[in-house]
Structure formats: C-alpha cells, structure tokens
4 protein chains.
Amino acid sequence: MAGNTFGHTFRLTSFGESHGIAIGGVIDGCPSNVEINFKKIQHELNRRKPGQSAITTQRDEADEVEFLSGIFEGKTLGTPIAFLIKNNDQKSEDYDVLKNVFRPSHADYTYQEKYGIRDHRGGGRSSARETVARVVAGAIARQILAKFKIDIKAFVTQVGTVRMQNPFEFFTTEQIEANAVRCPEKDTADKMISRIEEVRAAGDSIGGEIHCIVSGVPAGLGEPVFDKLHADLAKAMLGINAVKGFEIGSGFAGVKMLGSEQNDELLPDGKTRTNNSGGIQGGISNGQPILFNVAFKPVASILQKQQTIDVHNNPVMLDVKGRHDPCVVPRAVPIVEAMAALVILDHLLRQKASRL
Amino acid sequence: MAGNTFGHTFRLTSFGESHGIAIGGVIDGCPSNVEINFKKIQHELNRRKPGQSAITTQRDEADEVEFLSGIFEGKTLGTPIAFLIKNNDQKSEDYDVLKNVFRPSHADYTYQEKYGIRDHRGGGRSSARETVARVVAGAIARQILAKFKIDIKAFVTQVGTVRMQNPFEFFTTEQIEANAVRCPEKDTADKMISRIEEVRAAGDSIGGEIHCIVSGVPAGLGEPVFDKLHADLAKAMLGINAVKGFEIGSGFAGVKMLGSEQNDELLPDGKTRTNNSGGIQGGISNGQPILFNVAFKPVASILQKQQTIDVHNNPVMLDVKGRHDPCVVPRAVPIVEAMAALVILDHLLRQKASRL
Amino acid sequence: MAGNTFGHTFRLTSFGESHGIAIGGVIDGCPSNVEINFKKIQHELNRRKPGQSAITTQRDEADEVEFLSGIFEGKTLGTPIAFLIKNNDQKSEDYDVLKNVFRPSHADYTYQEKYGIRDHRGGGRSSARETVARVVAGAIARQILAKFKIDIKAFVTQVGTVRMQNPFEFFTTEQIEANAVRCPEKDTADKMISRIEEVRAAGDSIGGEIHCIVSGVPAGLGEPVFDKLHADLAKAMLGINAVKGFEIGSGFAGVKMLGSEQNDELLPDGKTRTNNSGGIQGGISNGQPILFNVAFKPVASILQKQQTIDVHNNPVMLDVKGRHDPCVVPRAVPIVEAMAALVILDHLLRQKASRL
Amino acid sequence: MAGNTFGHTFRLTSFGESHGIAIGGVIDGCPSNVEINFKKIQHELNRRKPGQSAITTQRDEADEVEFLSGIFEGKTLGTPIAFLIKNNDQKSEDYDVLKNVFRPSHADYTYQEKYGIRDHRGGGRSSARETVARVVAGAIARQILAKFKIDIKAFVTQVGTVRMQNPFEFFTTEQIEANAVRCPEKDTADKMISRIEEVRAAGDSIGGEIHCIVSGVPAGLGEPVFDKLHADLAKAMLGINAVKGFEIGSGFAGVKMLGSEQNDELLPDGKTRTNNSGGIQGGISNGQPILFNVAFKPVASILQKQQTIDVHNNPVMLDVKGRHDPCVVPRAVPIVEAMAALVILDHLLRQKASRL
C-alpha cells in the first residue's frame, strides 16, 4: 500500500511532481455545508510561497490554487474537494546534469532503489514543493477548526545556534509574521536572518526548529492505544521534508526530570498548574494547549562542491547551481501548522463516533 | 474510528485492560508457512516482565502467552493469529481509592472526558501492561525479519542526567543484557542503577532515553509522502506509554548543523561516509543502519503526596501505595524493539506491492 | 493486506479455525457507555447454534461466549471488546482422511493454493463456524441500533423450489421463529422442512434464499460513490459462506422493468408510494425499509460418493461421513441479520462525521 | 469516513460533479515502471462516451483524459497518478427547474438529507458521469493485468425481456463490439436495439443485465473471511449507478440446486468439470474463469410526467426534458469491466504480501 493519503476521516490524498504539470490533492471527508473563505487559503499559500523574502528560494511560482470539485456556490458539498496548483517556473533543464547522479542526502538514490525509476527534475515527488497541497488542505481544516475556537500558531525558535530567549511566551500572529524568519523575538529574528544570509553567501544551508501551539482543543481527542493524538502529530511532522525530530511537552528534557517535577498538578477548574504533558495525557487531549517542537536539518541542496556517485556507482564531483532555500524553517511554519490542522480536525471528527 | 490497530499489511489489533481478564491481540496479515519459535516469543516477554530485577515493579505476572488461532503444527496459516496473556496478579482493591480521583499526569482524566466511563483499576486500558501484546507481535515479526537478516537492537543511553559516554558504538546483545538497566557501558549502567535506587527510595520516578539500531534493512522501504519510514517509526514510538520525543539520525542536533556537515557523502559501494540521515532519506531506507532515539518522561506513578482533584472537581491530597517502576526504560527496551519490528516488517510487506 | 476486519468505524476483527482452540473476535470502535444485555447475545448465538433442530447439523457446541475486555460493570468502555467461543466438540480425527484430499467446491484447494498450507480439520478457517464471531458482534450492534429504533428481521423465503407465496408481507419475530426453518408461512415452512428431510436422507444438500428487512433506518446513511449502503450490504452478504447472490429492492426483476414502473413516486410526507429502490437511492438510505435478498447455494458437504483429486493431483473417490447441515438457510438467518447490523451501525457512526 | 476511495493496494480516489469543472481521480499504489498505452485508455473512454450511437444519450463530451502526475516519459513512477476529464457540454440551465424538486428514484432527496446541500445540476456527484474516472483507472489496471494474461470481457445478456439464447458461450471482442448494444448474438442484439428505440420513443427507460468473464486469474486471489474475492466484486458492481443485483457462478439459480448438482468435480489437471462456483471457492480464486452477472434497473430519468415533491414537501408534477440513456447497459459494459479490473488487480497486489 502506497502512502499518499493522510488521515482517517478528514483525508488528504496528495499528488504531483515538482516539475510535472501540477501539484494537487483530493480531500475526502470534509463536512458538508461549510462556507469556504478562499482568500484565507491563498493567504496560507503565500506564507509558504517561494520568493516571499530575501532569505528564501527565488523560484517564481504564483501558487494559485484551482478547485475542481466539492464546492458549490462557495460551500462544501460533502463530496471530494479536488484542487491543483500548476507548476509554472519549471527550469527543468537545470536538472539535466542530475539525471544520472545521486545527490548526497537527497532522495535520489532511495527513490531509484524503491521504484526502479524516478523523475529527476527538481527532485520529482520528493521535492518539498509537494507540501503546497498540504497547505491548501490545512487551510480548509483551519477554517473548520476556527468554528470550534481551535487555533494553531507556529514560529521559529532556533536557526543553527541562534535560539530564542523565551520560546514559551505567548505571541500574536502579528509578532510572528513581523519578520521574514517568523521568529517573534525581534532581536533574535535579526540574528537569525543575518546567520541565514551568511550561510547563503557560503553556498551552504542550515537547520532550525519550530515550536507549535494548538490552543482551544477540547479534552477527549486522540485514539489510544496506537493513534494517540501526539503519535499522529509526530507522524505528521516527521512526514514533512527535512524534519528529523519531534517532541511534545517536556520532550527530551523530560529524560532528566523526576516524576515529582514532571507531573502536572490538576486544579479544581480541570486545568493543570504546569503543562509538561504538552496538552496530551495517555494519548488524549486534556484541554490544555498542545505544545510541540519540530527539528529541521539543513536542506541537502547546497551550492558547494560535493563528492558523490552516479547511477553506475562511479564517483562524481557534484557542482550544482539552482535556487534553494538556505534555511527551510521560515517557509515551513505554515506547513507545520497545516499538518497540525489536519491531525486535529481528523481527530475531532473521529471523536464524534466514539460516543452515541 | 478507534485506534487499536497498528500497521497496514502486517496488522496488530490489541485489546485488554490492566485488571481485566486478559491482555491480547490479533495479528492479521502474517505471511503463511512461517515456522514459529515459541521460546523466542517467551524470551521477549520475559525481558518486558515485571519483577525481573530489583529496579522494576514487583507486580508478579507469569506473562505466558496462549495462542488461540492462526498457527497449525508450529507454522503460520496465513489466517489471524490471536493470542492472550492472562492477568493474574490483579490487586484491584489497591485501586478502590482511585475510583473517583484523577491522578496527576495519568490518563484518568482524559479517558473519563473522552469516553464518559473508565476502568479505574490499574489504569485500565491506559496501563503500560497493554504493551505485552506488542511484544508478542513484535517477537513474531522479528523472527520473519531475521530471515531477511534484519536485526533490531535497542539499549538505554540515559537515565536522568546519567548518560553513556559513547552511545553510537556497536554493542552485542550480551553487553546490553549484562545488567538490569540494559545499558551496555558497565560503569554507566552501575551509575544508572544507583540513581534509580535513589529515586525509588525517595518514592519518586525518573526519565530516560533509549537508542535503537535497525541493521540489515534493504534500500527501498518506506511510502512517501505521508507514510515515510521514519514517520511511521515516530508514530510507533510516540504510541508507547511515557514517550515524549523521537529523533532520527542527527535529530535535534541537526538544528545546529550546516548542510555541508549534515550531508552524507555517497561512496562507490552505495554506502554513505556518515549516517546523519539515520538510514532514511526522503522517507525511504537507504540500506544504512536505521538509528533513532526515544525520550521517556518519568512515569506518573510516584509514592509522594500530590495535590489533585476528584471527579467532582474537589481538591484532593493523593497518597497512593502501589507497585511501580521508578524508571521505565529498562523494561521499555524490548517494547521499542517490538514496535520497530512491526514497522519494518509492515513496510517490507508493503514494498512487495510497489513493483511488479 | 489480509481481510479479517470488517467495517470502518465499528470494526470487527474475526479469528479462529473450526478445530482450533477458539473462534473469536475483537470489536474496535464500539461507542462507550452502552449497557450490554448478555442474554440477548446468547439468544442470537442459540439461533445460529448447531443441533438446534432436527434439520441442522448435530455437532454439539455450547457456543457460550466469554468476554475478555472492553466491558466494565456491564457497560462498554469504548476500548476493544475481545471475546471468544471455545471449540469443544472437535472430532478432528473424522477429518484425517481429508488431510491430502481436496473436496469438490470446498475451499480446500484454494486455501492450499493461496497459503501453501492449511488446517484441514473441519475446513479450518474456511468453516462456517467462523460466523459465530459475527453473530456476537452483530448482537452488540443490534442493541445499539435498537436505541435508534432500527430493527432487522430476516427469514427464509425459499428452499430448493419451495417458495413462499407472499414473501413481501410483514411478519413478526414470533411468526418467523415459530418453526425450525424460519419461514413465516406455516404451510410453506412445512413443505421446506419435508424437502430438507428428503435431501438429508439422500445424503445430499439443497440451496435456499433469505429475505431481510431493515426498518427504522433514517435517511442519509451510505457513503457514495464506492461505499454505497447497498454496496456494503452486498459485500457483507457475499462474505457469508455459501452465498452466491445479492439483490436489493427490485433486484434482478428490475432488468425487465420500465422506468415508469420502477420509479418510486415521492409523497408529501417524504415517503415513497412503492419501494422498488429497496430503501436506498444513490447509495444513501431514504428512510424507507431496506429490503434485500440473499441466495445460498447448497453446501458442498454431501454424504454421497464424489470424484475428486488429492494434493498430488491423483484422482480419488471421496466418501466422507460427518455432521453437516443439509440446508444452511435456517441457521443463516441470524448470520444475515448480524452482518446487516454491522453494516448499518458502521454507517450510522460514519454519518456522524459528515456534518459538523 | 467518506467513501470515495476504492481498493486497498491499488487505490482509486474519485472526484467531481457532473456539471463542475472536471471529473477525475488519483490512483495511489500503481506499480512503478509500467509503460502506459494512452490510446488504450482513450479507447475505453470512447466505449463509455455519450453520443457513441443512436441508442445512447446525446450529451456531447470529448471525454479526453489529461494526466497531471505519476507518469514520466510514458512510464509509471510509482507515485500517485492524477488525471482529469473536463466537463464541457454542461447545459446547466436545463436543470434550474430541478433546483428545488426531488426527482423520483434519483438521489436528489437522499443527498439533500445526508449533506444538507447538493449540486442539483445534472445530479451533481450522483451522476453516472462520475464513472468516467473508474474507466480511466480500470484501463490502466487492465494493462497491468494483461501482463499476467488476465483478460476481462463483459457483454449485454438481457434488455427488458429480450434475453440472449446462449449467454454462456465464448465470444470474441469483435462479436461483442459489433453492435451498439454490445450483445454478441446478432439477432438478439437487433431485438434489443428495437426495444430500446421503442422505449426511447415512449419517453421511458428500461433495465438490462450484463455478464462478465474474467479469464486467466491464477488460483489464490481473495482475502477471507471478509474481503473474499466475490465479496469485493459484489461491492464494486453494486457501487455502479443503477445496479440492483449481483450473482456469481450459479447465483440465484443455485437456490434451486442440490449439492450433488452444484459441486464442481475436481479433475487431475486441477481444473473443474463444471464451474458453478464461478471461479471462486471460499472467497479465493481457483484458477477457473470468474463468471458473474450484474442487474441494472431502468434509469430514473424519463421524459414522462411524474408526480413528486419539492424541497418544501409540496406535491409537484414533474415534466423534464433532457438528454438521457433510455437503457444504460450498452455504455455500462466498459464500466463493469473497469471495476472488475480494479478488484482483480488490487487482489493480485494484495496476494504478494501473503507469502514471503
């Protein structure tokens, strides 16, 4: 069974290669009779769009979404919502040199091994361009979640060794979106941007971390023992290109803690004094904000010479040009939010069936 | 849709409450005609069993598995393999005091909110006792993986602040199993055991970390874009009780790296010079060892007084007795291995369908 | 992917071989907090039980169900409900002669070809004894459906060429259960019983037909375009041993009709004047009774000599003894009802997610 | 969970409304490296196309398929294959009169009840126009099946009361395609065509029956106990618009048979003397041809006045014009074949995982 469908009840099936005709998706299981705000969808696409700032790739894509089905007179029909985003700025000839070469830490080698064939242009299916479909679906999911007062906000907490001082404060969307790197601490953001510019100038790339807060989730979402809410969030996040780690609540810091420190005392109003659990206990939301971190490695595309092999296993010195993000996290913020929205809405709808 | 089935092609459906009649499972999709070594299954159960050493809980369970179907004259039939492990040492009366109280950072509150009912005895379905079913299924999966020369080894790298010095060495099973804490560095193991004993004496609990290595996996396993191999591993691990974090390859350390450091140079034999990718690129195995870390928080059950609330939202001072693990990681090693085995075998079987 | 799980939201995973230790199942997705009437479950098992009358097989099974999980103090927990029915009267030695022979029109040959191994005792997994698990799950589903005033009634309309005169009347449970063949027309029932006795005396078997009425289903159940309500009913029925045909509403008779005859005129109360649609239009229930027929072939086990082959493809004259039903339909009535209950409840729960 | 995905391993997700922008689909799980013959796909579409003969609807659609992804240089990539067929000849204004009226035996009422909203133009999602997506996916499946020498042929055996004399003979594609009604007996075909023309002249519609033969299927396909091969075929067929019945092998005629007549004697070459089983025993193919019948009711769209109700439950006399098929079976032949191809290929790929 192939793996291009995400979710059980609100399901996104994604399709498309980076330099094919289009990227797109089909959402099945979207509740009917929901009014869709198309501007909000385009707004999320713009947040993910290449070329949005000086620190992102300069590939020029309008990234305008076309809907093919499932929406009638502005409202969802309950039938599949198909959509596509055309690929316009496909400089496929840039990639001819890569037809027979496996780039280090890219998926070139593994796709070839798995399928015995691959579309080498721009990484084909393995390109992060595919995430544009997730952002569309996530933008629809967020509109539905908003009806339940569920809000999702992510921001960049770290780029390389530049880290926010107070990552666990509350921040407004305006603070987060105030700068190109989507870090709500102005001084830290400036340092991050400088660091990214340095890295770009060196033809290199650099890693980063995103923190995400989902607020307003009612207690009761999550399906133990395997489809725990944070297990599905982990899967969603690790499914994003370049992600290497996920932690919820106290996360890896919890390794060093004592139970007496970690435990979240319950208060008479049903809230907890601390939130080391990150809003989920036993795989089920407890009504507190859901808090998680996502670790991104530096993207594999760099403009430095690298030793590698070709499809005949001959050593090759790789020296590519191209348009790449030196640091993926600023553009990954809306992707993290979109995947979180898909998970939360899917579980919100799943929960409807667990009680009569 | 409830969430008690794991996997797509090799599927485990788990059932049972901690103090019910039995814990068990049904495996559907086990390939036919495989000879089963029952001793190896029991061996894995013994590694997970309570009371196996001075640093684990003293609940006394034989944990003997009975098979009800799917195996005929020692071989798998290709039909569902049902099995159960009876619950014998159920001191349910110990839990009467908890009937109306929500323990901090347990799943008591969230189960009640989700289902409107719960079996309060020993945590019911939320108890880590459920993982006994995973260990049985994993032990069968491992026997099949062994035919493909795929091996899975996990060990404890950290307890509280006590950390291994060289966690990324190669270790033998004998080294790992040489001590009660399953850490292959003898000196570190001794320090971990002392720390756990201290914590137990204080009526407290402590977190820990497990490292897992899957070797022998052929290139080509994993189903992008959503069912990436590491995404499914992440989901599997976060689905284990008390797990709060997962990282593959360079993981959270990759946040600080440059692409020129992170990228794994391809060598003419198809291997890579480094393994920052952790054996997976673009969601597909590349033939290198798969390396990941799992973070466990301290378990919520502690023997200290804690402030909490009852089902009527009244504040309560909780002062429980009981038999609990002060640190879960030694017994979690076979559980991590079992879940890894389920993921790898499922993807091995899924991969069969992706080429003619 | 193997096929031992039925349903999407209310899911039954079935297990067990005819002469293994037990037949059983796990229900995942049963809504929580539902009080279970165990007597009603046993009542349905008794309706399916061998030896219940002079015209069924004389295999002697108590068919008492044991529940292992998912029910606490008489109520469902929302966690998996595992149950088993032990196999007691296993005269496995009766089947030694069949170890290397493929019986005509049984699944002996096909299981061997598929799996390369089979449990030859009593048909192993292919035995209709497996349906005992479906009856248990169906009996739970029916108790939930009853809360929504949904009722399911099946009865025998035909045995061989003996057919009811007015199969589309309304009948009470008492009328249906008044005789061993479960046909509510007394005279026809007598003729059917005589015919079955004749067939049994000749060491032969005979086919039959069951009609099923599901009343009280609200409009709106069914998930086009593939999981249409009647498509799932068809799959459920064809999945029962010995079933060769399914028709809904006008069914095969509709082939001969004109649209002006077939169309069900809508009345101002939302009902229809006729019910040629059988309660489903466009794959979605319309609030009228759901009406369908199920065709059963004569069971393959007969006590006459038959020409066949052994596992080495040598011709063999088969002359078996054993205890078999000469006509399966009287005992199949509760099985048809159980499978219908699983489909309807699954769709009732699925429908909850299709609107906010 | 909505129901617009068909299959487990070779999966089609269908989308689109009759008068929306496009109908289309996404195939996930198509094996990689398969060369696609686009002409053969278009050929199947042409067989289903409206306006192909004097006895079909005159809606004028080019029905040209555009592929958006998953195919590179003429070969499948193993990634999702997305495709669409634009809706060109949408005379939506024809349907304005239907905006508030429920047509008898259409899905107007049930879609409204289910979703609380519907696209009334041309039946929206409930239109048989959706099956164009199935034909595309089926045409790809057939190309893969052809590599295994599996062939699928369907033809019309009955229209109204006009029935073939020898429906169980062998017929060539040329014989089947020799006339507009796709019945391989020339005389019968002529009578069917005359009958359809009469019915059309009367503004009425008429039912029909299709017989399908799948030859070359190896023994071993099918996944008991629920995903039996014929159970999945039944579901596939009942999911086609206007289908009311399905029978395999002896089908409803088996009701009247004795076991001694029905049983298929096994011959030393592993074949059977008769094929009352229809090529499937115990839910698994036995290597003999798979034979089944599909019953179609007369389509609901007729040009006669009909009494019905509007959305306010007021009685309305309906008098519609429009372009409709008086008998759907000639165009349904390629749809039956396509759905059969999806089922057989899905099970062929599923079977790969059941043995090591």
# chains A, B, ... in the order shown; residues from 1 in each chain; ligands from 1
call {"tool": "interface_residues", "arguments": {"of": "chain A", "to": "chain B", "cutoff": "6 Å", "atoms": "only C-alpha atoms", "output": "PyMOL selection string"}}
result
chain A and resi 1-4+104-105+107+110+113-114+160-161+204-208+220+223-227+231+234-235+238-239+244-248+251-252+254-259+263-266+268+281-282+284+286+295-298+300+308+313-315+350
call {"tool": "residues_around", "arguments": {"residues": "Asp325 in chain D", "least_positions_apart": "5", "cutoff": "9 Å", "atoms": "only C-alpha atoms", "output": "list in words"}}
result
Pro50, Ile55, Thr56, Thr57, Gln58, Arg200, Ser205, Val299, Ser301 and Arg331 of chain D
call {"tool": "select_by_dssp", "arguments": {"residues": "range 185-229 of chain B", "states": "strand (DSSP E or B)", "output": "PyMOL selection string"}}
result
chain B and resi 206+208-215+223+225+227
call {"tool": "atom_distance", "arguments": {"atom1": "CA of Gly70 in chain A", "atom2": "CA of Phe83 in chain D"}}
result
16.2 Å
call {"tool": "residues_around", "arguments": {"residues": "Gly124 in chain B", "least_positions_apart": "4", "cutoff": "8 Å", "atoms": "only C-alpha atoms", "output": "VMD selection string"}}
result
chain B and resid 17 to 20 118 to 120
call {"tool": "write_last_selection", "arguments": {"atoms": "N, CA and C atoms", "output": "short mmCIF file (atom, residue, chain, number, x, y, z; two decimals), in the first residue's frame"}}
result
data_model
loop_
_atom_site.label_atom_id
_atom_site.label_comp_id
_atom_site.auth_asym_id
_atom_site.auth_seq_id
_atom_site.Cartn_x
_atom_site.Cartn_y
_atom_site.Cartn_z
N GLU B 17 -7.60 -4.65 29.28
CA GLU B 17 -7.36 -3.69 30.35
C GLU B 17 -6.44 -4.32 31.39
N SER B 18 -5.76 -3.48 32.13
CA SER B 18 -4.76 -3.92 33.09
C SER B 18 -5.30 -4.94 34.10
N HIS B 19 -6.51 -4.71 34.58
CA HIS B 19 -7.07 -5.61 35.59
C HIS B 19 -8.29 -6.35 35.07
N GLY B 20 -8.41 -6.45 33.74
CA GLY B 20 -9.45 -7.29 33.16
C GLY B 20 -8.97 -8.74 33.13
N ARG B 118 -14.64 4.86 32.71
CA ARG B 118 -13.30 4.27 32.64
C ARG B 118 -13.18 3.13 33.63
N ASP B 119 -12.29 2.22 33.35
CA ASP B 119 -11.93 1.17 34.29
C ASP B 119 -10.75 1.72 35.09
N HIS B 120 -11.03 2.08 36.33
CA HIS B 120 -10.02 2.80 37.13
C HIS B 120 -8.94 1.86 37.68
#
call {"tool": "residues_around", "arguments": {"residues": "Leu68 in chain A", "least_positions_apart": "3", "cutoff": "6 Å", "atoms": "only C-alpha atoms", "output": "JSON, numbers by chain"}}
result
{"A": [82, 83], "D": [21, 22]}
call {"tool": "select_by_dssp", "arguments": {"residues": "range 46-190 of chain B", "states": "alpha helix (DSSP H)", "output": "JSON, numbers by chain"}}
result
{"B": [46, 47, 48, 108, 109, 110, 111, 112, 113, 114, 115, 131, 132, 133, 134, 135, 136, 137, 138, 139, 140, 141, 142, 143, 144, 145, 146, 147, 173, 174, 175, 176, 177, 186, 187, 188, 189, 190]}
call {"tool": "write_last_selection", "arguments": {"atoms": "N, CA, C and O atoms", "output": "short mmCIF file (atom, residue, chain, number, x, y, z; two decimals), in the first residue's frame"}}
result
data_model
loop_
_atom_site.label_atom_id
_atom_site.label_comp_id
_atom_site.auth_asym_id
_atom_site.auth_seq_id
_atom_site.Cartn_x
_atom_site.Cartn_y
_atom_site.Cartn_z
N ASN B 46 9.75 -12.18 28.70
CA ASN B 46 10.49 -12.16 29.97
C ASN B 46 11.33 -10.89 30.10
O ASN B 46 11.53 -10.38 31.20
N ARG B 47 11.82 -10.39 28.97
CA ARG B 47 12.59 -9.14 29.01
C ARG B 47 11.71 -7.95 29.41
O ARG B 47 12.22 -6.96 29.93
N ARG B 48 10.42 -8.04 29.12
CA ARG B 48 9.49 -6.95 29.46
C ARG B 48 8.84 -7.15 30.81
O ARG B 48 8.24 -6.23 31.40
N ASP B 108 -6.22 9.23 33.65
CA ASP B 108 -7.52 9.09 34.32
C ASP B 108 -8.52 10.14 33.83
O ASP B 108 -9.65 9.83 33.45
N TYR B 109 -8.06 11.38 33.86
CA TYR B 109 -8.94 12.49 33.50
C TYR B 109 -9.32 12.44 32.02
O TYR B 109 -10.47 12.63 31.65
N THR B 110 -8.34 12.16 31.17
CA THR B 110 -8.61 12.21 29.73
C THR B 110 -9.48 11.05 29.27
O THR B 110 -10.35 11.23 28.43
N TYR B 111 -9.28 9.86 29.85
CA TYR B 111 -10.19 8.75 29.50
C TYR B 111 -11.62 9.08 29.93
O TYR B 111 -12.58 8.82 29.20
N GLN B 112 -11.76 9.63 31.13
CA GLN B 112 -13.09 9.97 31.61
C GLN B 112 -13.74 11.00 30.69
O GLN B 112 -14.92 10.88 30.34
N GLU B 113 -12.97 11.99 30.26
CA GLU B 113 -13.51 13.03 29.38
C GLU B 113 -13.88 12.46 28.01
O GLU B 113 -14.86 12.86 27.40
N LYS B 114 -13.04 11.57 27.52
CA LYS B 114 -13.27 11.02 26.18
C LYS B 114 -14.46 10.07 26.16
O LYS B 114 -15.33 10.17 25.31
N TYR B 115 -14.46 9.12 27.08
CA TYR B 115 -15.42 8.01 27.00
C TYR B 115 -16.61 8.16 27.94
O TYR B 115 -17.60 7.44 27.81
N THR B 131 1.29 -3.13 26.59
CA THR B 131 2.41 -3.33 25.65
C THR B 131 2.86 -4.78 25.58
O THR B 131 3.62 -5.14 24.68
N VAL B 132 2.37 -5.60 26.49
CA VAL B 132 2.70 -7.03 26.42
C VAL B 132 2.23 -7.61 25.08
O VAL B 132 2.88 -8.48 24.49
N ALA B 133 1.11 -7.12 24.58
CA ALA B 133 0.61 -7.59 23.28
C ALA B 133 1.54 -7.20 22.15
O ALA B 133 1.76 -7.95 21.20
N ARG B 134 2.11 -6.02 22.27
CA ARG B 134 3.03 -5.56 21.23
C ARG B 134 4.29 -6.40 21.21
O ARG B 134 4.89 -6.65 20.15
N VAL B 135 4.72 -6.80 22.41
CA VAL B 135 5.95 -7.59 22.48
C VAL B 135 5.75 -8.96 21.83
O VAL B 135 6.63 -9.46 21.12
N VAL B 136 4.57 -9.55 22.01
CA VAL B 136 4.29 -10.84 21.35
C VAL B 136 4.32 -10.67 19.83
O VAL B 136 4.99 -11.41 19.11
N ALA B 137 3.58 -9.68 19.35
CA ALA B 137 3.53 -9.47 17.89
C ALA B 137 4.90 -9.11 17.35
O ALA B 137 5.32 -9.59 16.28
N GLY B 138 5.63 -8.28 18.09
CA GLY B 138 6.97 -7.91 17.67
C GLY B 138 7.90 -9.10 17.61
O GLY B 138 8.76 -9.20 16.72
N ALA B 139 7.73 -10.02 18.55
CA ALA B 139 8.61 -11.20 18.59
C ALA B 139 8.37 -12.08 17.37
O ALA B 139 9.30 -12.73 16.85
N ILE B 140 7.13 -12.13 16.90
CA ILE B 140 6.85 -12.87 15.66
C ILE B 140 7.44 -12.11 14.47
O ILE B 140 8.08 -12.70 13.59
N ALA B 141 7.24 -10.82 14.45
CA ALA B 141 7.78 -10.00 13.35
C ALA B 141 9.29 -10.16 13.26
O ALA B 141 9.86 -10.29 12.17
N ARG B 142 9.95 -10.16 14.40
CA ARG B 142 11.42 -10.28 14.41
C ARG B 142 11.88 -11.60 13.83
O ARG B 142 12.96 -11.68 13.23
N GLN B 143 11.11 -12.65 14.06
CA GLN B 143 11.50 -13.95 13.50
C GLN B 143 11.44 -13.93 11.97
O GLN B 143 12.24 -14.55 11.30
N ILE B 144 10.46 -13.18 11.46
CA ILE B 144 10.37 -13.07 10.00
C ILE B 144 11.48 -12.16 9.48
O ILE B 144 12.13 -12.46 8.48
N LEU B 145 11.71 -11.05 10.17
CA LEU B 145 12.77 -10.13 9.74
C LEU B 145 14.13 -10.83 9.75
O LEU B 145 14.99 -10.56 8.90
N ALA B 146 14.32 -11.74 10.71
CA ALA B 146 15.61 -12.44 10.80
C ALA B 146 15.90 -13.24 9.53
O ALA B 146 17.06 -13.40 9.13
N LYS B 147 14.84 -13.71 8.88
CA LYS B 147 15.03 -14.43 7.61
C LYS B 147 15.63 -13.52 6.54
O LYS B 147 16.20 -13.98 5.55
N THR B 173 24.35 -8.06 21.96
CA THR B 173 23.20 -8.34 22.83
C THR B 173 23.69 -8.68 24.24
O THR B 173 23.08 -8.26 25.23
N GLU B 174 24.77 -9.42 24.31
CA GLU B 174 25.28 -9.81 25.63
C GLU B 174 25.67 -8.58 26.45
O GLU B 174 25.39 -8.51 27.64
N GLN B 175 26.32 -7.63 25.80
CA GLN B 175 26.70 -6.41 26.51
C GLN B 175 25.47 -5.66 27.00
O GLN B 175 25.46 -5.14 28.11
N ILE B 176 24.45 -5.62 26.16
CA ILE B 176 23.24 -4.88 26.53
C ILE B 176 22.50 -5.57 27.67
O ILE B 176 22.05 -4.94 28.62
N GLU B 177 22.41 -6.89 27.56
CA GLU B 177 21.64 -7.65 28.55
C GLU B 177 22.43 -7.99 29.80
O GLU B 177 21.93 -8.67 30.70
N LYS B 186 29.36 -0.66 31.18
CA LYS B 186 29.19 -1.18 32.53
C LYS B 186 29.19 -0.08 33.59
O LYS B 186 28.33 -0.04 34.48
N ASP B 187 30.16 0.83 33.51
CA ASP B 187 30.25 1.87 34.53
C ASP B 187 29.01 2.76 34.54
O ASP B 187 28.47 3.08 35.60
N THR B 188 28.60 3.12 33.34
CA THR B 188 27.40 3.96 33.25
C THR B 188 26.19 3.21 33.79
O THR B 188 25.36 3.78 34.52
N ALA B 189 26.11 1.93 33.45
CA ALA B 189 24.99 1.12 33.94
C ALA B 189 24.94 1.13 35.46
O ALA B 189 23.88 1.28 36.06
N ASP B 190 26.10 0.97 36.07
CA ASP B 190 26.13 0.97 37.55
C ASP B 190 25.61 2.30 38.10
O ASP B 190 24.83 2.33 39.05
#
call {"tool": "residues_around", "arguments": {"residues": "Cys212 in chain A", "least_positions_apart": "2", "cutoff": "9 Å", "atoms": "only C-alpha atoms", "output": "CSV table (one decimal) with C-alpha atoms, in the first residue's frame"}}
result
chain,number,residue,atom,x,y,z
A,152,ILE,CA,-2.8,26.9,15.6
A,153,LYS,CA,0.3,29.0,15.8
A,154,ALA,CA,3.8,28.0,15.0
A,155,PHE,CA,7.0,30.1,14.9
A,156,VAL,CA,10.7,29.6,14.5
A,210,ILE,CA,9.8,25.3,15.1
A,214,VAL,CA,-2.6,24.4,19.4
A,290,ILE,CA,-0.9,21.3,22.9
A,291,LEU,CA,2.8,22.2,22.7
A,292,PHE,CA,5.4,20.6,20.5
A,293,ASN,CA,8.7,21.2,18.8
A,294,VAL,CA,9.9,20.1,15.4
A,333,VAL,CA,6.0,27.4,9.6
A,336,VAL,CA,3.8,22.6,10.3
A,337,GLU,CA,0.5,24.5,11.1
A,340,ALA,CA,-1.2,20.0,12.8
call {"tool": "residues_around", "arguments": {"residues": "Lys75 in chain B", "least_positions_apart": "5", "cutoff": "9 Å", "atoms": "only C-alpha atoms", "output": "JSON, numbers by chain"}}
result
{"B": [32, 33, 34, 35, 36, 70], "C": [117]}
call {"tool": "atom_distance", "arguments": {"atom1": "CA of Val101 in chain A", "atom2": "CA of Phe72 in chain D"}}
result
17.6 Å
